[in-house]
Structures are given as structure tokens and as C-alpha cells.
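Okay, protein.txt now, which holds compact mmCIF, C-alpha atoms:
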# COMPACT_ATOMS: atom_id res chain seq x y z
CA MET A 578 127.58 107.88 113.86
CA THR A 579 127.26 106.38 110.36
CA ALA A 580 126.62 108.34 107.17
CA ARG A 581 123.06 106.93 107.02
CA ALA A 582 122.40 108.04 110.59
CA ASN A 583 123.62 111.53 109.67
CA GLU A 584 121.19 111.51 106.76
CA LEU A 585 118.41 110.52 109.15
CA GLU A 586 119.30 113.38 111.44
CA ALA A 587 119.28 115.83 108.54
CA VAL A 588 115.88 114.62 107.34
CA TYR A 589 114.51 114.64 110.89
CA VAL A 590 115.67 118.18 111.57
CA ARG A 591 114.10 119.32 108.29
CA LEU A 592 110.81 117.47 108.60
CA GLU A 593 110.13 117.17 112.33
CA LYS A 594 108.12 120.38 112.59
CA PRO A 595 105.92 119.95 109.48
CA VAL A 596 105.25 116.28 110.23
CA PHE A 597 104.45 117.12 113.86
CA ASN A 598 102.05 119.85 112.75
CA VAL A 599 100.23 117.56 110.34
CA VAL A 600 99.93 114.78 112.93
CA TYR A 601 98.86 117.26 115.62
CA ARG A 602 95.75 118.10 113.54
CA TRP A 603 94.69 114.47 113.96
CA LEU A 604 95.51 113.88 117.60
CA TRP A 605 95.37 117.38 119.11
CA ASN A 606 97.88 116.26 121.71
CA ALA A 607 101.51 117.39 121.49
CA GLU A 608 103.06 114.36 123.24
CA GLU A 609 101.09 111.88 121.14
CA ALA A 610 101.88 113.84 117.99
CA ARG A 611 105.59 113.81 118.84
CA ASP A 612 105.48 110.04 119.46
CA VAL A 613 103.73 109.37 116.16
CA THR A 614 106.15 111.65 114.30
CA GLN A 615 109.09 109.71 115.71
CA GLU A 616 107.44 106.36 115.03
CA ALA A 617 107.03 107.35 111.38
CA PHE A 618 110.74 108.18 111.12
CA LEU A 619 111.67 104.89 112.80
CA LYS A 620 109.49 102.90 110.41
CA VAL A 621 110.96 104.56 107.34
CA TRP A 622 114.45 104.15 108.82
CA GLN A 623 113.88 100.43 109.33
CA ALA A 624 112.81 100.10 105.69
CA ARG A 625 115.64 102.32 104.41
CA ALA A 626 117.11 99.58 102.21
CA ARG A 627 113.91 99.56 100.14
CA VAL A 628 113.27 103.33 100.17
CA ASP A 629 114.05 105.48 97.16
CA PRO A 630 115.73 108.62 98.62
CA SER A 631 113.79 110.85 96.20
CA THR A 632 110.46 109.75 97.72
CA VAL A 633 111.47 109.80 101.37
CA GLU A 634 109.54 112.98 102.24
CA PRO A 635 106.13 111.92 100.92
CA LEU A 636 106.74 108.48 102.45
CA ILE A 637 107.36 109.89 105.92
CA PHE A 638 104.20 112.00 105.74
CA ARG A 639 102.14 109.07 104.48
CA THR A 640 103.46 106.82 107.25
CA ALA A 641 102.83 109.49 109.87
CA LEU A 642 99.28 110.11 108.64
CA ASN A 643 98.45 106.42 108.70
CA LEU A 644 99.91 106.00 112.17
CA ALA A 645 98.00 109.05 113.41
CA ALA A 646 94.73 107.79 111.95
CA ASN A 647 95.30 104.36 113.53
CA ARG A 648 96.15 105.87 116.90
CA LEU A 649 93.09 108.11 116.76
CA ARG A 650 90.86 105.11 116.03
CA ALA A 651 92.47 103.09 118.83
CA GLY A 652 92.24 106.08 121.16
CA LYS A 653 88.54 106.48 120.45
CA LEU A 654 88.04 102.77 120.94
CA TRP A 655 89.96 102.43 124.21
CA GLY A 656 89.55 105.98 125.43
CA PHE A 657 93.25 106.57 126.20
CA LEU A 658 93.67 109.58 123.95
CA THR A 659 92.92 112.81 125.72
CA LEU A 660 92.58 116.12 123.99
CA GLU A 661 95.17 118.46 125.27
CA PRO A 662 93.78 121.54 126.97
CA LEU A 663 94.00 124.39 124.50
CA ARG A 664 95.45 126.59 127.23
CA GLU A 665 98.86 124.93 126.69
CA HIS A 666 99.26 126.67 123.39
CA ALA A 667 97.71 129.97 124.40
CA ASP A 668 100.01 132.95 124.51
CA GLU A 669 101.06 133.31 128.13
CA LYS A 670 102.19 136.90 127.65
CA ALA A 671 98.81 137.98 126.35
CA ALA A 672 96.27 139.68 128.57
CA PRO A 673 93.64 137.32 130.06
CA ASP A 674 90.87 138.55 127.73
CA GLU A 675 93.13 138.22 124.73
CA ALA A 676 94.27 134.74 125.83
CA LEU A 677 90.67 133.69 126.20
CA ASP A 678 89.95 134.91 122.69
CA VAL A 679 92.91 132.95 121.32
CA GLU A 680 91.73 129.84 123.16
CA ARG A 681 88.19 130.25 121.86
CA ARG A 682 89.43 130.73 118.31
CA ARG A 683 91.59 127.61 118.52
CA ALA A 684 88.69 125.56 119.79
CA GLN A 685 86.63 126.80 116.87
CA VAL A 686 89.41 125.88 114.41
CA ARG A 687 89.77 122.42 115.94
CA ARG A 688 86.05 121.75 115.62
CA ALA A 689 86.01 123.00 112.02
CA VAL A 690 89.05 120.96 110.98
CA ASP A 691 87.74 117.82 112.70
CA ALA A 692 84.37 118.24 111.00
CA LEU A 693 85.97 117.95 107.55
CA PRO A 694 85.58 114.65 105.74
CA GLU A 695 88.78 112.59 106.15
CA LYS A 696 89.76 112.89 102.45
CA LEU A 697 89.47 116.69 102.45
CA LYS A 698 91.17 117.01 105.82
CA ARG A 699 94.19 115.01 104.68
CA VAL A 700 94.62 117.18 101.61
CA VAL A 701 94.13 120.58 103.21
CA VAL A 702 96.29 119.83 106.25
CA MET A 703 99.04 118.46 104.04
CA CYS A 704 98.86 121.44 101.64
CA GLU A 705 98.89 124.02 104.40
CA LEU A 706 101.38 122.47 106.82
CA SER A 707 103.67 119.94 105.13
CA GLY A 708 105.60 122.32 102.91
CA LEU A 709 105.39 119.73 100.12
CA SER A 710 104.49 120.56 96.52
CA TYR A 711 101.10 119.47 95.10
CA ALA A 712 102.89 116.65 93.27
CA GLN A 713 104.49 115.43 96.49
CA VAL A 714 101.20 115.72 98.41
CA ALA A 715 99.59 113.67 95.64
CA GLN A 716 102.36 111.09 96.01
CA ALA A 717 102.02 111.00 99.79
CA LEU A 718 98.25 110.52 99.64
CA ASP A 719 98.33 108.28 96.57
CA ILE A 720 95.87 110.42 94.61
CA PRO A 721 96.15 112.25 91.27
CA ALA A 722 97.78 115.71 91.43
CA GLY A 723 94.63 117.35 90.03
CA THR A 724 92.56 115.90 92.87
CA VAL A 725 94.81 117.64 95.39
CA GLY A 726 93.81 121.07 94.09
CA SER A 727 90.11 120.33 93.90
CA ARG A 728 89.95 118.74 97.35
CA ARG A 729 91.92 121.60 98.85
CA ASN A 730 89.44 124.12 97.43
CA LEU A 731 86.50 122.08 98.74
CA ALA A 732 88.11 121.86 102.17
CA LEU A 733 88.81 125.59 102.34
CA ALA A 734 85.23 126.33 101.28
CA ALA A 735 83.95 124.05 104.06
CA LEU A 736 86.22 125.79 106.58
CA GLU A 737 84.94 129.19 105.44
CA THR A 738 81.41 127.99 106.04
CA SER A 739 82.32 127.14 109.64
CA LEU A 740 84.76 129.94 110.42
CA GLY A 741 83.80 132.77 108.11
CA PRO A 742 85.88 134.18 105.25
CA LEU A 743 89.57 133.23 105.41
CA GLU A 744 92.04 135.90 104.40
CA ASP A 745 95.20 134.83 102.61
CA ALA A 746 97.69 137.01 104.53
CA MET B 1455 90.05 135.08 110.30
CA LYS B 1456 93.35 134.59 108.48
CA ARG B 1457 94.22 131.27 106.86
CA SER B 1458 97.51 131.34 108.76
CA ASP B 1459 95.51 131.43 112.03
CA VAL B 1460 93.69 128.27 111.05
CA PHE B 1461 96.90 126.47 110.15
CA GLU B 1462 99.18 128.06 112.69
CA PRO B 1463 102.50 126.14 112.79
CA LEU B 1464 103.25 124.93 116.34
CA GLU B 1465 106.64 124.05 117.79
CA PRO B 1466 107.08 120.34 118.57
CA PRO B 1467 108.16 119.42 122.12
CA PRO B 1468 111.92 119.97 122.57
CA HIS B 1469 114.76 117.41 122.28
CA GLY B 1470 113.06 115.45 119.51
CA TRP B 1471 116.25 114.25 117.85
CA THR B 1472 117.85 113.18 121.16
CA ARG B 1473 114.73 111.20 121.96
CA LEU B 1474 114.60 109.60 118.52
CA LYS B 1475 118.28 108.63 118.78
CA ALA B 1476 117.61 106.99 122.16
CA ARG B 1477 114.68 105.05 120.66
CA LEU B 1478 116.90 103.87 117.79
CA GLU B 1479 119.56 102.70 120.23
CA GLU B 1480 116.94 100.96 122.34
CA ARG B 1481 115.65 99.06 119.29
CA ARG B 1482 119.18 98.09 118.27
CA ALA B 1483 119.90 96.79 121.77
CA ARG B 1484 116.63 94.85 121.77
CA ARG B 1485 117.50 93.12 118.50
CA TRP B 1486 120.52 91.17 119.91
CA PRO B 1487 118.71 89.17 122.59
CA VAL B 1488 116.02 88.33 120.03
CA ALA B 1489 118.62 87.10 117.53
CA ILE B 1490 120.43 85.08 120.20
CA ALA B 1491 117.16 83.55 121.39
CA ALA B 1492 116.26 82.62 117.79
CA VAL B 1493 119.63 80.91 117.20
CA ALA B 1494 119.35 79.09 120.54
CA ALA B 1495 115.86 77.90 119.63
CA VAL B 1496 117.08 76.51 116.29
CA VAL B 1497 120.01 74.71 117.95
CA LEU B 1498 117.73 73.27 120.62
CA ALA B 1499 115.25 72.09 118.00
CA LEU B 1500 118.04 70.33 116.08
CA VAL B 1501 119.35 68.67 119.24
CA LEU B 1502 115.94 67.57 120.47
CA ALA B 1503 114.49 66.57 117.10
CA PRO B 1504 113.49 62.85 117.14
CA LYS B 1505 115.96 60.72 115.20
CA PRO B 1506 115.14 57.32 113.65
CA ARG B 1507 116.11 54.58 116.15
CA PRO B 1508 117.95 51.49 114.82
CA ASP B 1509 115.50 49.27 116.77
CA ALA B 1510 112.64 50.86 114.95
CA GLU B 1511 114.30 50.12 111.60
CA VAL B 1512 114.73 46.43 112.47
CA GLU B 1513 111.17 46.25 113.71
CA ALA B 1514 109.91 47.89 110.55
CA ALA B 1515 111.82 45.41 108.40
CA LEU B 1516 110.37 42.49 110.36
CA ARG B 1517 106.86 43.90 110.19
CA SER B 1518 107.09 44.36 106.47
CA GLY B 1519 107.61 40.61 106.18
CA PHE B 1520 111.21 40.66 105.13
CA ILE B 1521 111.84 37.08 104.14
CA VAL B 1522 115.25 35.51 104.07
CA SER B 1523 115.45 31.97 102.90
CA ASN B 1524 117.46 29.41 104.78
CA GLU B 1525 119.74 29.01 101.79
CA ALA B 1526 120.69 32.65 101.78
CA LEU B 1527 122.17 32.46 105.25
CA THR B 1528 125.44 30.86 106.04
CA LEU B 1529 125.43 29.41 109.50
CA LYS B 1530 128.82 28.78 110.88
CA ASP B 1531 129.43 27.18 114.22
CA GLY B 1532 126.62 28.86 115.98
CA ALA B 1533 127.41 32.33 114.64
CA ALA B 1534 123.72 32.69 113.85
CA GLN B 1535 120.90 31.09 115.75
CA GLN B 1536 117.35 30.76 114.52
CA LEU B 1537 114.73 32.01 116.97
CA PRO B 1538 111.10 30.89 117.18
CA SER B 1539 108.72 33.05 115.12
CA SER B 1540 104.92 33.10 115.28
CA ASP B 1541 104.72 34.08 111.61
CA PRO B 1542 106.01 31.40 109.22
CA LYS B 1543 106.84 34.11 106.70
CA VAL B 1544 109.15 35.82 109.14
CA LEU B 1545 112.45 34.23 110.06
CA LEU B 1546 114.28 35.54 113.09
CA TYR B 1547 117.98 35.05 113.66
CA ARG B 1548 120.26 36.16 116.42
CA VAL B 1549 123.58 37.06 114.89
CA SER B 1550 126.68 37.18 117.04
CA VAL B 1551 129.04 40.10 116.72
CA MET B 1552 132.36 39.24 115.27
CA ASN B 1553 135.51 40.60 116.85
CA ARG B 1554 137.39 42.88 114.47
CA ASN B 1555 140.67 41.07 115.16
CA GLU B 1556 139.16 37.73 114.22
CA ALA B 1557 139.86 36.51 110.73
CA PRO B 1558 136.78 36.41 108.50
CA PRO B 1559 135.28 32.96 108.16
CA GLU B 1560 136.41 31.14 105.08
CA ASP B 1561 133.80 29.61 102.78

Produce C-alpha cells that represent the structure in this file.
Amino acid sequence: MTARANELEAVYVRLEKPVFNVVYRWLWNAEEARDVTQEAFLKVWQARARVDPSTVEPLIFRTALNLAANRLRAGKLWGFLTLEPLREHADEKAAPDEALDVERRRAQVRRAVDALPEKLKRVVVMCELSGLSYAQVAQALDIPAGTVGSRRNLALAALETSLGPLEDA
Amino acid sequence: MKRSDVFEPLEPPPHGWTRLKARLEERRARRWPVAIAAVAAVVLALVLAPKPRPDAEVEAALRSGFIVSNEALTLKDGAAQQLPSSDPKVLLYRVSVMNRNEAPPED
């Protein structure tokens, strides 16, 4: 394996989970989210000659978000995208009542996140799940750093309206 | 509800890197036939491209009314023979091919 391929592996291992989690909040389907995550890495890998290594992380997130948004639009248009049953992520060890509660809560979260305006959703999902700094989120979304903070606050306020007060811990 | 419940990190499906590596290999393998097909197409285009025919050049010269006066031509023992032409401005000659071993005609 070449040195560049080793670099790709290192970046993939580091970013797979956060990118997957961000994309999952668009598609709500683990297989689709995994495919889009990988597609984003492949696209950035193909353009590696023109990519500044210091901006690779925001670039991968930006690519993944755009791919996810495109796939969601296409899925809505052609009807191929199916929402994964929430049961798949429910805790199998939990008691049935508890599992049902978890499932209900996740459905509520999904509805609340999907109800956010696209701009707010991008910011809050990136801030909460990407592990990037505000500056990097701003770079990934091509918006000023100050806008990241204000949009995040607006998004959290909207989520609190739907879900009730959100505790930090 | 806790904020961490809303943005609960999920585990991606397993074997992600193995899958990505396989996709990379697949793309690499797909690139060769495409490159070979592109080169073959260029070669074929060069081979099949229409080339100017000598006949067409002669015809074009005649059509453009290329006029050669009688004085400009040296006729030697039937080496050139005037042919009938429907256009008086166009003179047609049949010129015999000289053998390379033959000595050039002296003036």
C-alpha cells in the first residue's frame, strides 16, 4: 500500500464515525449513510492532488453533506430511500417497555431534527456530531464563524420547543 | 431530555475500511479498460479519417481554370498528348510516365 493510501486509511479511521453520524441525520438509513460516507472519501481521494491537507476534514464533511442532500432529494423524487425502522438501533438488552420508550424517543428526535430549516440543521448536526471546531464547521459550510454560533443557538432553541428542555450532561 | 440523547453517536456498519478499499480497487481496475478504449478510439479515428485524394486535387485544379499555355509545355515525341476539352480556358494533357532508368530528354 502506498504512503497516500495509508494516509487515507488513517483519515478514514478517524472520521468514519463522525461523518457517518452527520450523514445519518439526513438519510436515517445506516446502509445509505455508510455508502454516502464512503463516496465522500472516494471523491476527496480522487481530487487529492488539488486538496490542501490542512482542509481535508472540513472538505470531507462538506462533500458528504452535499452527497447526502442530493441523495435525499433523489430518494424523495424516485421513492427508493426507505427510512430504516427505528427498532434496529433500539437496545436489545432493554426490557420491552424500556425499548419501546427508546424507540418512541428516537422517533420524536428524528421528527424534530427533520423539522429544522436546512441551514440550522446543517450547523447543529455538524456542531454536535462532527467533532470539528466552530472555525472548521464554518469552513465546511462556507459561512462566517460567527454565524455558526448563532445558528446553533437558534437550532437548539427550536429543538427545545419540540422536545422540551435539553440538559447539557 | 439530554442533549446527548438527541445527538446520540451511532456506530457505523462494520468493515467500512475493507469495503472502501475494495471500492478503490474496483475503480482502479475500471480505469484501465476505459483508457485502452480511449486510445483505441483515437487510433481508429486517425486511421479512418478521410485523406485528400490526388484525383480530387487534379480535379480541383482543373475546375479552378488552371490555364497552361501551349508555349509553356514541351511536347516531345508524343510524351504529352492534348485531349479534347469542352472549356476553351481549360487545356487537358495526358502525360506519359517516364521510366526512371531513361535519360532525361535533352532540350

TODO: Could you jot down the CA of Leu706 (chain A) to CA of Pro595 (chain A) separation for me, Å, one decimal place?
DONE: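 That distance, rounded to one decimal, is 5.8 Å.
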
Open item on the list: Residues of chain B within 9 Å of chain A, counting all atoms listed in the file, what are they? List them as a PyMOL selection string.
Closed with: chain B and resi 1455-1467+1470-1471+1473-1475+1477-1478

Task: Atomic separation - CA of Ser631 (chain A) relative to CA of Gln716 (chain A), Å - done: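 Rounded to one decimal, the two atoms are 11.4 Å apart.
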
Open item on the list: When you count all atoms listed in the file, which of these residues is closest to Arg581 (chain A): A:Glu609, A:Arg625, A:Val600, A:Asp691?
Closed with: A:Arg625

- [ ] Dig up all the protein and nucleic acid residues within 10 Å of (103.8, 102.8, 104.7) in the file frame, using all atoms listed in the file, and format them as JSON, numbers by chain.
- [x] {"A": [617, 620, 621, 624, 636, 637, 638, 639, 640, 641, 642, 643, 644, 717]}

- [ ] Grab the CA of Val1496 (chain B) to CA of Arg1482 (chain B) distance for me, in Å with one decimal place.
- [x] 21.8 Å

Because the input lacks atoms here, generate all heavy atoms for region 1532-1543 of chain B and report them as a PDB file, keeping the file's coordinate frame.
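Output saved as part15.pdb:
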ATOM      1  N   GLY B1532     127.431  28.135 115.013  1.00  0.00           N
ATOM      2  CA  GLY B1532     126.620  28.860 115.980  1.00  0.00           C
ATOM      3  C   GLY B1532     126.743  30.364 115.886  1.00  0.00           C
ATOM      4  O   GLY B1532     126.366  31.085 116.800  1.00  0.00           O
ATOM      5  N   ALA B1533     127.306  30.876 114.787  1.00  0.00           N
ATOM      6  CA  ALA B1533     127.410  32.330 114.640  1.00  0.00           C
ATOM      7  C   ALA B1533     126.033  32.961 114.495  1.00  0.00           C
ATOM      8  O   ALA B1533     125.824  34.097 114.866  1.00  0.00           O
ATOM      9  CB  ALA B1533     128.250  32.683 113.438  1.00  0.00           C
ATOM     10  N   ALA B1534     125.090  32.212 113.941  1.00  0.00           N
ATOM     11  CA  ALA B1534     123.720  32.690 113.850  1.00  0.00           C
ATOM     12  C   ALA B1534     122.799  31.621 114.395  1.00  0.00           C
ATOM     13  O   ALA B1534     123.024  30.441 114.163  1.00  0.00           O
ATOM     14  CB  ALA B1534     123.363  33.008 112.411  1.00  0.00           C
ATOM     15  N   GLN B1535     121.789  32.063 115.117  1.00  0.00           N
ATOM     16  CA  GLN B1535     120.900  31.090 115.750  1.00  0.00           C
ATOM     17  C   GLN B1535     119.463  31.450 115.397  1.00  0.00           C
ATOM     18  O   GLN B1535     119.064  32.615 115.541  1.00  0.00           O
ATOM     19  CB  GLN B1535     121.082  31.184 117.269  1.00  0.00           C
ATOM     20  CG  GLN B1535     120.272  30.167 118.025  1.00  0.00           C
ATOM     21  CD  GLN B1535     120.351  30.416 119.519  1.00  0.00           C
ATOM     22  OE1 GLN B1535     121.009  31.331 119.979  1.00  0.00           O
ATOM     23  NE2 GLN B1535     119.645  29.591 120.267  1.00  0.00           N
ATOM     24  N   GLN B1536     118.740  30.470 114.884  1.00  0.00           N
ATOM     25  CA  GLN B1536     117.350  30.760 114.520  1.00  0.00           C
ATOM     26  C   GLN B1536     116.503  30.821 115.793  1.00  0.00           C
ATOM     27  O   GLN B1536     116.650  29.996 116.687  1.00  0.00           O
ATOM     28  CB  GLN B1536     116.814  29.685 113.576  1.00  0.00           C
ATOM     29  CG  GLN B1536     115.462  30.064 113.016  1.00  0.00           C
ATOM     30  CD  GLN B1536     115.075  29.244 111.799  1.00  0.00           C
ATOM     31  OE1 GLN B1536     115.777  28.306 111.424  1.00  0.00           O
ATOM     32  NE2 GLN B1536     113.966  29.596 111.196  1.00  0.00           N
ATOM     33  N   LEU B1537     115.615  31.835 115.823  1.00  0.00           N
ATOM     34  CA  LEU B1537     114.730  32.010 116.970  1.00  0.00           C
ATOM     35  C   LEU B1537     113.318  31.647 116.565  1.00  0.00           C
ATOM     36  O   LEU B1537     112.966  31.762 115.385  1.00  0.00           O
ATOM     37  CB  LEU B1537     114.766  33.474 117.451  1.00  0.00           C
ATOM     38  CG  LEU B1537     116.140  33.995 117.912  1.00  0.00           C
ATOM     39  CD1 LEU B1537     116.057  35.499 118.163  1.00  0.00           C
ATOM     40  CD2 LEU B1537     116.576  33.275 119.178  1.00  0.00           C
ATOM     41  N   PRO B1538     112.485  31.217 117.541  1.00  0.00           N
ATOM     42  CA  PRO B1538     111.100  30.890 117.180  1.00  0.00           C
ATOM     43  C   PRO B1538     110.332  32.125 116.705  1.00  0.00           C
ATOM     44  O   PRO B1538     110.525  33.211 117.247  1.00  0.00           O
ATOM     45  CB  PRO B1538     110.512  30.354 118.486  1.00  0.00           C
ATOM     46  CG  PRO B1538     111.417  30.784 119.559  1.00  0.00           C
ATOM     47  CD  PRO B1538     112.752  31.024 118.967  1.00  0.00           C
ATOM     48  N   SER B1539     109.524  31.939 115.654  1.00  0.00           N
ATOM     49  CA  SER B1539     108.720  33.050 115.120  1.00  0.00           C
ATOM     50  C   SER B1539     107.276  32.608 114.984  1.00  0.00           C
ATOM     51  O   SER B1539     107.007  31.495 114.550  1.00  0.00           O
ATOM     52  CB  SER B1539     109.281  33.474 113.757  1.00  0.00           C
ATOM     53  OG  SER B1539     108.362  34.289 113.096  1.00  0.00           O
ATOM     54  N   SER B1540     106.341  33.463 115.364  1.00  0.00           N
ATOM     55  CA  SER B1540     104.920  33.100 115.280  1.00  0.00           C
ATOM     56  C   SER B1540     104.421  33.191 113.842  1.00  0.00           C
ATOM     57  O   SER B1540     103.398  32.618 113.498  1.00  0.00           O
ATOM     58  CB  SER B1540     104.104  34.024 116.182  1.00  0.00           C
ATOM     59  OG  SER B1540     104.329  35.352 115.794  1.00  0.00           O
ATOM     60  N   ASP B1541     105.136  33.935 113.011  1.00  0.00           N
ATOM     61  CA  ASP B1541     104.720  34.080 111.610  1.00  0.00           C
ATOM     62  C   ASP B1541     105.660  33.248 110.743  1.00  0.00           C
ATOM     63  O   ASP B1541     106.871  33.502 110.710  1.00  0.00           O
ATOM     64  CB  ASP B1541     104.800  35.569 111.221  1.00  0.00           C
ATOM     65  CG  ASP B1541     104.257  35.828 109.829  1.00  0.00           C
ATOM     66  OD1 ASP B1541     104.094  34.854 109.057  1.00  0.00           O
ATOM     67  OD2 ASP B1541     104.014  37.014 109.499  1.00  0.00           O
ATOM     68  N   PRO B1542     105.111  32.249 110.024  1.00  0.00           N
ATOM     69  CA  PRO B1542     106.010  31.400 109.220  1.00  0.00           C
ATOM     70  C   PRO B1542     106.738  32.169 108.122  1.00  0.00           C
ATOM     71  O   PRO B1542     107.757  31.724 107.600  1.00  0.00           O
ATOM     72  CB  PRO B1542     105.076  30.345 108.632  1.00  0.00           C
ATOM     73  CG  PRO B1542     103.705  30.891 108.796  1.00  0.00           C
ATOM     74  CD  PRO B1542     103.721  31.860 109.939  1.00  0.00           C
ATOM     75  N   LYS B1543     106.187  33.331 107.766  1.00  0.00           N
ATOM     76  CA  LYS B1543     106.840  34.110 106.700  1.00  0.00           C
ATOM     77  C   LYS B1543     108.008  34.936 107.240  1.00  0.00           C
ATOM     78  O   LYS B1543     108.738  35.554 106.478  1.00  0.00           O
ATOM     79  CB  LYS B1543     105.826  35.060 106.050  1.00  0.00           C
ATOM     80  CG  LYS B1543     104.822  34.361 105.155  1.00  0.00           C
ATOM     81  CD  LYS B1543     103.934  35.390 104.502  1.00  0.00           C
ATOM     82  CE  LYS B1543     103.002  34.715 103.525  1.00  0.00           C
ATOM     83  NZ  LYS B1543     102.028  35.659 102.975  1.00  0.00           N
TER      84      LYS B1543
END
